[in-house]
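Here the structure comes first, spelled out in structure tokens, and everything after it is commentary.
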Amino acid sequence: MRAVVPAGDGHVTLTEVDEVEPGPDEVVIEVAAFSLNRGETFQLERPQDGWRPGKDIAGRVIRTTPGGPVVGSRVVAHLHRSGWAERAVAPASQLAVLPESVSLAQAAALPLAGLTALRLLRAAGSVIGRRILLTGASGGVGHYVTELAAAAGASVTAVVSSPERGERLRALGAETIVYDVQAAEGPFDLVLESVGGASLPVALSKLVPGGQLIWFGEASRQPVELDFFDLFRTENSTIRHFHYADGDDAADLAKLARLVASDRLHPEIGRIEDWSQTDLVLDALRNRLVRGNAVLTLREESAQLDPRAVVTRYVEAVAAGDLATIRASFAPNVVWTYPGDLPLSGEWKGRETVVDEFLLAVAGQLFAPDAPVRIKLTNVIAEGEQVFAEWTAQATARSGADYDNTCGGVFTVRDGVIVEVREYLDTDHARRALFRA
């Protein structure tokens, strides 16, 4: 089978490795997606002999163990290693069966970041009404912590490096975004610190007397220097070292998956690529070019979907607001042609342009923000790589007009992804409802 292995100097490559064999109480998973973590970039700099990377995976069970999930079950798993491969073994105690509404790409982004966030807040105790300072907030952990803490009643101040990296955190519930820890206006009841170096002493100085700092990372890779006398500013404060591995993985993964299924937790997937691009995405992660999680998909599972199923899955993902599946449905060089002479008519080229600038940004500008866009798939006809899909779209325009259109699209699907779309709709109705003068 193929797997991602260390190639020296922090890089990786795809190569053939021995087939996996499960031990007692282990299952074999056909991996559909995995996510990358910053800690794995550190391990790749000095990999141990025989070690292969991969902690966070999602896929289907193809061999099980007594008491384990049935063969064919969609699961998310948290491994110690070796998950970036076509198949992986996982203890039954370190996986959870997924609700149908949770995509495998979403699930792959859950384990390490989600478990860390969940257990951090568990260690902190009740956060209702407490002011929290969160450093290094733009990664996967930061997004989960922000959403969970804000939902639990905390006032979260998130420290990020730029406005772009803080935008999504504000949407998830962060009350304040700052771009330097010095700019955070305390005092805070709780500090969640993951940067280390010069950041930690500054964050510590912003605690209330008797407050708590939980130290859960050192992304700067710089040691911390503390002055005993400086601590008198926050007398009786506590510094607690935290490691996320203390907990019941199966139970906590199931909790996280249920939160996603119930629309109370939203994995932030800043980049999704085919696993052949793992080395490039690792470089992007090192250079802090990825917001949230980076997810890699194995095309074997996507290739098993026929073109009709690919298009059906895509339209249903749009209806459900499943951004991860929407992104995964398109080829990197997809072209979407929108008809007529409207402001958005013409060709939209490239996955990021189609998803971020056409589907998301334009829709956000045209439709009322407090009213949902209701999409319903009504017909699908497929022949070879060509698929015709018809759907209805109902919404309220920003102008207040009712938008009620029937849309059609001719999709071209190759290798399990959409490479071209030609959309058709009543452009006169769209002009009247969405582009009033």
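Each chain in the structure tokens gets a letter, A, B and so on, in the order shown; residues start at 1 in every chain, and ligands are counted from 1 in the order they appear.
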Considering only C-alpha atoms, return as a ChimeraX atom specification whatever protein or nucleic-acid residues lie within 12 Å of A:Glu268, sequence-local ones (same chain, fewer than 2 positions apart) excluded. /A:35,105-110,113-114,138-147,165,167-169,171-172,260,265-266,270-272,290-295,322-324
Those same residues, written as an mmCIF file, in the first residue's frame with C-alpha atoms?
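That gives us result.cif:
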```
data_model
loop_
_atom_site.group_PDB
_atom_site.id
_atom_site.type_symbol
_atom_site.label_atom_id
_atom_site.label_comp_id
_atom_site.auth_asym_id
_atom_site.auth_seq_id
_atom_site.Cartn_x
_atom_site.Cartn_y
_atom_site.Cartn_z
ATOM 1 C CA SER A 35 -5.322 16.381 8.693
ATOM 2 C CA ALA A 105 -13.137 15.804 5.562
ATOM 3 C CA GLN A 106 -14.796 17.515 8.526
ATOM 4 C CA ALA A 107 -14.116 14.489 10.708
ATOM 5 C CA ALA A 108 -10.424 14.377 9.784
ATOM 6 C CA ALA A 109 -10.042 17.889 11.210
ATOM 7 C CA LEU A 110 -11.422 16.884 14.607
ATOM 8 C CA ALA A 113 -7.265 20.007 17.618
ATOM 9 C CA GLY A 114 -10.759 19.135 18.782
ATOM 10 C CA SER A 138 -5.783 31.193 14.418
ATOM 11 C CA GLY A 139 -4.954 27.469 14.293
ATOM 12 C CA GLY A 140 -7.314 24.540 14.551
ATOM 13 C CA VAL A 141 -7.281 24.487 18.355
ATOM 14 C CA GLY A 142 -7.968 28.211 18.552
ATOM 15 C CA HIS A 143 -11.043 28.003 16.355
ATOM 16 C CA TYR A 144 -12.524 25.163 18.393
ATOM 17 C CA VAL A 145 -11.713 26.808 21.742
ATOM 18 C CA THR A 146 -13.254 30.090 20.629
ATOM 19 C CA GLU A 147 -16.515 28.536 19.465
ATOM 20 C CA ARG A 165 -6.827 35.446 10.434
ATOM 21 C CA GLU A 167 -12.239 37.364 10.864
ATOM 22 C CA ARG A 168 -13.522 33.828 11.245
ATOM 23 C CA LEU A 169 -12.844 33.813 14.997
ATOM 24 C CA ALA A 171 -17.829 34.947 13.525
ATOM 25 C CA LEU A 172 -17.371 31.994 15.882
ATOM 26 C CA VAL A 260 -20.635 19.043 14.449
ATOM 27 C CA LEU A 265 -19.176 23.106 16.206
ATOM 28 C CA HIS A 266 -17.755 24.048 12.832
ATOM 29 C CA GLY A 270 -8.406 26.473 5.660
ATOM 30 C CA ARG A 271 -6.987 24.218 2.952
ATOM 31 C CA ILE A 272 -8.047 20.904 1.424
ATOM 32 C CA VAL A 290 -3.196 27.964 6.667
ATOM 33 C CA ARG A 291 -6.041 29.234 8.828
ATOM 34 C CA GLY A 292 -7.556 26.485 10.954
ATOM 35 C CA ASN A 293 -6.869 22.933 9.768
ATOM 36 C CA ALA A 294 -5.324 21.548 6.593
ATOM 37 C CA VAL A 295 -6.998 18.376 5.295
ATOM 38 C CA ASP A 322 -21.102 21.836 4.362
ATOM 39 C CA LEU A 323 -18.139 23.913 3.180
ATOM 40 C CA ALA A 324 -15.593 21.101 3.492
#
```
Quick one: residues within 8 Å of A:Gly217, only C-alpha atoms, excluding same-chain residues fewer than 2 positions away - as a PDB file with N, CA and C atoms, in the first residue's frame?
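Contents of selection-v9.pdb, as written:
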```
ATOM      1  N   GLU A 193      -2.486  29.670  26.778  1.00  0.00           N
ATOM      2  CA  GLU A 193      -1.260  30.138  26.136  1.00  0.00           C
ATOM      3  C   GLU A 193      -0.612  29.009  25.342  1.00  0.00           C
ATOM      4  N   SER A 194      -0.360  29.277  24.047  1.00  0.00           N
ATOM      5  CA  SER A 194       0.226  28.230  23.205  1.00  0.00           C
ATOM      6  C   SER A 194       1.423  28.723  22.408  1.00  0.00           C
ATOM      7  N   VAL A 195       1.899  29.936  22.673  1.00  0.00           N
ATOM      8  CA  VAL A 195       2.984  30.505  21.879  1.00  0.00           C
ATOM      9  C   VAL A 195       4.329  30.336  22.565  1.00  0.00           C
ATOM     10  N   GLY A 196       4.370  30.519  23.884  1.00  0.00           N
ATOM     11  CA  GLY A 196       5.641  30.437  24.594  1.00  0.00           C
ATOM     12  C   GLY A 196       6.492  31.664  24.329  1.00  0.00           C
ATOM     13  N   TRP A 215      -0.867  26.462  30.069  1.00  0.00           N
ATOM     14  CA  TRP A 215       0.167  26.493  29.028  1.00  0.00           C
ATOM     15  C   TRP A 215       0.079  25.188  28.239  1.00  0.00           C
ATOM     16  N   ALA A 219       4.425  27.296  20.212  1.00  0.00           N
ATOM     17  CA  ALA A 219       4.517  27.419  18.762  1.00  0.00           C
ATOM     18  C   ALA A 219       5.718  28.239  18.321  1.00  0.00           C
TER      19      ALA A 219
END
```
Show which residues sit within 12 Å of A:Ser220, as a PyMOL selection string. Count only C-alpha atoms, and ignore same-chain residues fewer than 5 positions away. chain A and resi 38-39+42+135-136+193-200+286+288
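Note that the spacing between atom CA of A:Arg2 and atom CA of A:Ala328 amounts to 21.1 Å.
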Based on DSSP run over this structure's backbone, return all residues of stretch 135-171 of chain A in strand (DSSP E), as a compact mmCIF listing (two decimals) with N, CA, C and O atoms, in the first residue's frame.
```
# COMPACT_ATOMS: atom_id res chain seq x y z
N SER A 155 -16.26 35.37 27.62
CA SER A 155 -15.87 36.51 26.79
C SER A 155 -14.44 36.24 26.33
O SER A 155 -13.51 36.26 27.13
N VAL A 156 -14.27 35.98 25.02
CA VAL A 156 -12.98 35.53 24.50
C VAL A 156 -12.27 36.68 23.78
O VAL A 156 -12.85 37.32 22.89
N THR A 157 -11.02 36.92 24.18
CA THR A 157 -10.12 37.81 23.43
C THR A 157 -9.10 36.93 22.74
O THR A 157 -8.37 36.18 23.40
N ALA A 158 -9.07 36.98 21.41
CA ALA A 158 -8.19 36.11 20.63
C ALA A 158 -7.03 36.91 20.06
O ALA A 158 -7.22 37.99 19.50
N VAL A 159 -5.82 36.37 20.20
CA VAL A 159 -4.62 37.00 19.67
C VAL A 159 -4.24 36.31 18.37
O VAL A 159 -3.99 35.09 18.35
```
Tell me, as an NGL selection string, which residues lie within 6 Å of stretch 392-400 of chain A, counting only C-alpha atoms; anything in the same chain fewer than 5 positions away does not count. :A and (366-368 or 373-376 or 405-407 or 434)
Leaving out A:Arg46 and any residue of its chain fewer than 4 positions from it, which residues lie within 12 Å of it when counting only C-alpha atoms, given as an mmCIF file with N, CA and C atoms, in the first residue's frame?
```cif
data_model
loop_
_atom_site.group_PDB
_atom_site.id
_atom_site.type_symbol
_atom_site.label_atom_id
_atom_site.label_comp_id
_atom_site.auth_asym_id
_atom_site.auth_seq_id
_atom_site.Cartn_x
_atom_site.Cartn_y
_atom_site.Cartn_z
ATOM 1 N N PRO A 6 8.732 10.116 5.840
ATOM 2 C CA PRO A 6 9.736 11.185 5.893
ATOM 3 C C PRO A 6 10.738 11.043 4.757
ATOM 4 N N ALA A 7 11.139 12.203 4.179
ATOM 5 C CA ALA A 7 12.097 12.188 3.077
ATOM 6 C C ALA A 7 13.332 13.027 3.385
ATOM 7 N N GLY A 8 13.473 13.460 4.657
ATOM 8 C CA GLY A 8 14.639 14.244 5.037
ATOM 9 C C GLY A 8 14.380 15.735 4.983
ATOM 10 N N ASP A 9 15.020 16.477 5.881
ATOM 11 C CA ASP A 9 14.916 17.937 5.947
ATOM 12 C C ASP A 9 13.476 18.404 6.121
ATOM 13 N N GLY A 10 12.676 17.616 6.818
ATOM 14 C CA GLY A 10 11.300 17.996 7.093
ATOM 15 C C GLY A 10 10.321 17.683 5.987
ATOM 16 N N HIS A 11 10.804 17.149 4.879
ATOM 17 C CA HIS A 11 9.926 16.861 3.743
ATOM 18 C C HIS A 11 9.385 15.442 3.813
ATOM 19 N N GLY A 39 2.623 19.939 15.340
ATOM 20 C CA GLY A 39 3.556 19.066 16.036
ATOM 21 C C GLY A 39 4.200 18.049 15.117
ATOM 22 N N GLU A 40 3.464 17.612 14.090
ATOM 23 C CA GLU A 40 4.034 16.650 13.152
ATOM 24 C C GLU A 40 5.107 17.289 12.276
ATOM 25 N N THR A 41 4.987 18.601 12.026
ATOM 26 C CA THR A 41 6.065 19.269 11.283
ATOM 27 C C THR A 41 7.347 19.270 12.104
ATOM 28 N N PHE A 42 7.226 19.398 13.425
ATOM 29 C CA PHE A 42 8.410 19.341 14.286
ATOM 30 C C PHE A 42 9.021 17.932 14.263
ATOM 31 N N GLY A 50 11.813 4.264 11.307
ATOM 32 C CA GLY A 50 10.583 3.483 11.190
ATOM 33 C C GLY A 50 9.306 4.250 11.462
ATOM 34 N N TRP A 51 9.443 5.493 11.909
ATOM 35 C CA TRP A 51 8.256 6.288 12.228
ATOM 36 C C TRP A 51 7.631 6.838 10.960
ATOM 37 N N ARG A 52 6.288 6.802 10.913
ATOM 38 C CA ARG A 52 5.533 7.462 9.844
ATOM 39 C C ARG A 52 4.537 8.421 10.486
ATOM 40 N N PRO A 53 4.307 9.592 9.880
ATOM 41 C CA PRO A 53 3.408 10.578 10.496
ATOM 42 C C PRO A 53 1.942 10.211 10.322
#
```
Would you mind listing what lies within 8 Å of A:Lys206 as a ChimeraX atom specification, with only C-alpha atoms counted and same-chain residues fewer than 4 positions away left out? /A:185-188,202,234
Atoms kept (C-alpha atoms) for selection, written as an mmCIF file, in the first residue's frame:
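Once everything was written out, this is out31.cif:
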```
data_model
loop_
_atom_site.group_PDB
_atom_site.id
_atom_site.type_symbol
_atom_site.label_atom_id
_atom_site.label_comp_id
_atom_site.auth_asym_id
_atom_site.auth_seq_id
_atom_site.Cartn_x
_atom_site.Cartn_y
_atom_site.Cartn_z
ATOM 1 C CA GLU A 185 -6.875 44.747 27.561
ATOM 2 C CA GLY A 186 -7.113 42.754 30.764
ATOM 3 C CA PRO A 187 -7.416 41.695 33.383
ATOM 4 C CA PHE A 188 -8.432 38.149 32.421
ATOM 5 C CA VAL A 202 3.074 39.207 28.834
ATOM 6 C CA THR A 234 -0.749 38.966 39.646
#
```
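Minimum atom-to-atom distance to A:Glu26, evaluated using only C-alpha atoms, belongs to A:Pro69 out of A:Gly54, A:Pro47, A:Gly210, A:Pro69.
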Can you tell me which residues surround A:Pro339 at a distance of at most 8 Å, considering only C-alpha atoms, apart from same-chain residues fewer than 3 positions away, and format the answer as an MDAnalysis selection string? chainID A and resid 342 345:346 422:425 427
Let's have the selection written as a CSV table (one decimal), in the first residue's frame, with N, CA, C and O atoms.
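Writing done, so here's part_39.csv:
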```csv
chain,number,residue,atom,x,y,z
A,342,LEU,N,-25.5,39.6,-16.1
A,342,LEU,CA,-25.6,40.1,-14.8
A,342,LEU,C,-24.2,40.4,-14.3
A,342,LEU,O,-23.2,40.0,-14.9
A,345,SER,N,-22.2,37.3,-14.1
A,345,SER,CA,-22.1,36.5,-15.3
A,345,SER,C,-20.7,36.3,-15.8
A,345,SER,O,-19.9,37.2,-15.6
A,346,GLY,N,-20.4,35.2,-16.4
A,346,GLY,CA,-19.1,35.0,-17.0
A,346,GLY,C,-18.5,33.7,-16.4
A,346,GLY,O,-19.2,32.8,-15.9
A,422,ARG,N,-21.7,24.4,-16.2
A,422,ARG,CA,-22.4,25.5,-17.0
A,422,ARG,C,-23.8,25.6,-16.3
A,422,ARG,O,-24.6,24.7,-16.4
A,423,GLU,N,-24.1,26.7,-15.7
A,423,GLU,CA,-25.3,26.9,-15.0
A,423,GLU,C,-26.3,27.6,-15.8
A,423,GLU,O,-26.0,28.5,-16.6
A,424,TYR,N,-27.6,27.3,-15.7
A,424,TYR,CA,-28.7,27.9,-16.4
A,424,TYR,C,-29.8,28.3,-15.3
A,424,TYR,O,-30.1,27.5,-14.4
A,425,LEU,N,-30.4,29.4,-15.5
A,425,LEU,CA,-31.5,29.9,-14.6
A,425,LEU,C,-32.3,31.0,-15.2
A,425,LEU,O,-31.9,31.5,-16.3
A,427,THR,N,-32.5,34.4,-15.6
A,427,THR,CA,-31.7,35.5,-15.3
A,427,THR,C,-32.6,36.8,-15.1
A,427,THR,O,-32.1,37.7,-14.4
```
One decimal, in Å: what's the spacing between atom CA of A:Tyr179 and atom CA of A:Leu296? 29.2 Å
Between atom CA of A:Trp275 and atom CA of A:Ile29, what is the spacing in Å?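 Atom CA of A:Trp275 lies at a distance of 16.4 Å from atom CA of A:Ile29.
Here the question is which of A:Glu420, A:Glu164, A:Glu19, A:Glu100 gets nearest to A:Leu289 using only C-alpha atoms, and that residue is A:Glu164.
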Counting only C-alpha atoms, which residue out of A:Leu14, A:Val28, A:Val97, A:Ala430 sits closest to A:Leu253? A:Val97
Out of A:Ile62, A:Ile239, A:Gly72, A:Arg264, which residue has the shortest atom-to-atom distance to A:Ala152 when counting only C-alpha atoms?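 Smallest distance to A:Ala152 is found for A:Arg264.
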Where in stretch 62-152 of chain A does DSSP assign helix (DSSP H, G or I), given as a ChimeraX atom specification? /A:92-94,104-108,111-124,140-151
Taking into account only C-alpha atoms, which residue in the set A:Val334, A:Gly350, A:Leu359, A:Gln365 is nearest to A:Val421? A:Val334
For A:Phe435, which of A:Val413, A:Ala371, A:Leu285, A:Leu344 is the closest residue, counting only C-alpha atoms?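 Ranking A:Val413, A:Ala371, A:Leu285, A:Leu344 by distance to A:Phe435, first place goes to A:Leu344.
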